[in-house]
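Asks: PDB, C-alpha atoms, file coords-v9.pdb:
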ATOM      1  CA  MET U   1      -7.933 -20.376   3.217  1.00  0.00           C
ATOM      2  CA  VAL U   2     -10.566 -18.510   1.246  1.00  0.00           C
ATOM      3  CA  SER U   3     -11.840 -19.597  -2.162  1.00  0.00           C
ATOM      4  CA  GLY U   4     -13.426 -16.301  -3.210  1.00  0.00           C
ATOM      5  CA  GLY U   5     -16.262 -13.949  -2.524  1.00  0.00           C
ATOM      6  CA  ARG U   6     -16.716 -11.667   0.436  1.00  0.00           C
ATOM      7  CA  VAL U   7     -15.675 -13.187   3.699  1.00  0.00           C
ATOM      8  CA  LEU U   8     -15.760 -10.127   5.942  1.00  0.00           C
ATOM      9  CA  ALA U   9     -17.544  -6.782   5.987  1.00  0.00           C
ATOM     10  CA  VAL U  10     -16.050  -3.799   7.808  1.00  0.00           C
ATOM     11  CA  THR U  11     -18.186  -0.789   8.697  1.00  0.00           C
ATOM     12  CA  ALA U  12     -17.470   2.358  10.656  1.00  0.00           C
ATOM     13  CA  LEU U  13     -19.257   5.424  11.942  1.00  0.00           C
ATOM     14  CA  GLY U  14     -18.069   8.999  12.236  1.00  0.00           C
ATOM     15  CA  ASP U  15     -19.219  12.595  12.514  1.00  0.00           C
ATOM     16  CA  SER U  16     -18.653  12.895   8.749  1.00  0.00           C
ATOM     17  CA  VAL U  17     -18.374  10.572   5.768  1.00  0.00           C
ATOM     18  CA  ARG U  18     -14.639  11.315   5.632  1.00  0.00           C
ATOM     19  CA  MET U  19     -14.205  10.308   9.305  1.00  0.00           C
ATOM     20  CA  ALA U  20     -16.206   7.103   8.816  1.00  0.00           C
ATOM     21  CA  GLN U  21     -14.089   6.297   5.748  1.00  0.00           C
ATOM     22  CA  LYS U  22     -10.874   6.878   7.715  1.00  0.00           C
ATOM     23  CA  ARG U  23     -12.055   4.633  10.545  1.00  0.00           C
ATOM     24  CA  ALA U  24     -13.121   1.869   8.153  1.00  0.00           C
ATOM     25  CA  TYR U  25      -9.681   1.807   6.517  1.00  0.00           C
ATOM     26  CA  GLU U  26      -8.039   1.814   9.961  1.00  0.00           C
ATOM     27  CA  ALA U  27     -10.159  -1.219  10.891  1.00  0.00           C
ATOM     28  CA  VAL U  28      -9.094  -2.994   7.693  1.00  0.00           C
ATOM     29  CA  THR U  29      -5.438  -2.686   8.724  1.00  0.00           C
ATOM     30  CA  CYS U  30      -6.222  -4.790  11.821  1.00  0.00           C
ATOM     31  CA  THR U  31      -7.285  -7.758   9.678  1.00  0.00           C
ATOM     32  CA  HIS U  32      -4.871 -10.042   7.837  1.00  0.00           C
ATOM     33  CA  PHE U  33      -5.173 -13.383   6.051  1.00  0.00           C
ATOM     34  CA  GLU U  34      -3.527 -15.020   3.055  1.00  0.00           C
ATOM     35  CA  GLY U  35      -4.777 -13.624  -0.251  1.00  0.00           C
ATOM     36  CA  MET U  36      -6.571 -10.740   1.456  1.00  0.00           C
ATOM     37  CA  GLN U  37      -7.899  -8.033  -0.820  1.00  0.00           C
ATOM     38  CA  TYR U  38     -10.129  -5.108  -0.018  1.00  0.00           C
ATOM     39  CA  ARG U  39     -11.956  -2.363  -1.838  1.00  0.00           C
ATOM     40  CA  ARG U  40     -10.287   0.993  -2.039  1.00  0.00           C
ATOM     41  CA  ASP U  41     -13.391   2.971  -2.956  1.00  0.00           C
ATOM     42  CA  ILE U  42     -15.168   3.050   0.411  1.00  0.00           C
ATOM     43  CA  GLY U  43     -17.472   6.063   0.547  1.00  0.00           C
ATOM     44  CA  TRP U  44     -16.293   7.647  -2.715  1.00  0.00           C
ATOM     45  CA  ARG U  45     -19.828   8.324  -3.965  1.00  0.00           C
ATOM     46  CA  ALA U  46     -20.816  10.172  -0.798  1.00  0.00           C
ATOM     47  CA  LEU U  47     -17.558  12.136  -0.792  1.00  0.00           C
ATOM     48  CA  ASP U  48     -17.961  13.011  -4.486  1.00  0.00           C
ATOM     49  CA  ARG U  49     -21.469  14.453  -3.846  1.00  0.00           C
ATOM     50  CA  LYS U  50     -20.048  16.901  -1.323  1.00  0.00           C
ATOM     51  CA  LYS U  51     -18.030  18.755  -3.997  1.00  0.00           C
TER
END
As C-alpha cells, how would this structure be written, given the file I've shared?
Replies:
Amino acid sequence: MVSGGRVLAVTALGDSVRMAQKRAYEAVTCTHFEGMQYRRDIGWRALDRKK
C-alpha cells in the first residue's frame, strides 16, 4: 500500500516527442497497484511548442 507521493517514474524514448509520449503511456498500462494514479500531461509542453 502507498501512503502518497511519487512511487514510480516511467520514462520513454522515441524518434519524436509524440512517439515518446505514446510509449510512456503504453508503459503505464503495464503497471497496476491499489490507488494508482498517474499524470495525464506527459510531454504537453514540448508538444505545444511544436504548433
Asks: Starting from the displayed file, determine the output of the PyMOL selection byres ((chain U and resi 46) around 12) and express the residue list as a CSV table (one decimal) with C-alpha atoms, in the coordinates of the input.
Replies:
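Contents of out_26.csv, as written:
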chain,number,residue,atom,x,y,z
U,16,SER,CA,-18.7,12.9,8.7
U,17,VAL,CA,-18.4,10.6,5.8
U,18,ARG,CA,-14.6,11.3,5.6
U,20,ALA,CA,-16.2,7.1,8.8
U,21,GLN,CA,-14.1,6.3,5.7
U,41,ASP,CA,-13.4,3.0,-3.0
U,42,ILE,CA,-15.2,3.0,0.4
U,43,GLY,CA,-17.5,6.1,0.5
U,44,TRP,CA,-16.3,7.6,-2.7
U,45,ARG,CA,-19.8,8.3,-4.0
U,47,LEU,CA,-17.6,12.1,-0.8
U,48,ASP,CA,-18.0,13.0,-4.5
U,49,ARG,CA,-21.5,14.5,-3.8
U,50,LYS,CA,-20.0,16.9,-1.3
U,51,LYS,CA,-18.0,18.8,-4.0
Asks: Could you list, as a PyMOL selection string, every residue within 9 Å of Ala12 (chain U), counting only C-alpha atoms and ignoring same-chain residues fewer than 6 positions away?
Replies: chain U and resi 19-25+27
Asks: Suppose you want the space between CA of Phe33 (chain U) and CA of Leu8 (chain U); what is it in Å?
Replies: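 Separation of CA of Phe33 (chain U) and CA of Leu8 (chain U): 11.1 Å.
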Asks: Please measure the separation of CA of Ala9 (chain U) and CA of Val28 (chain U), giving the value in Å to one decimal.
Replies: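 The value is 9.4 Å.
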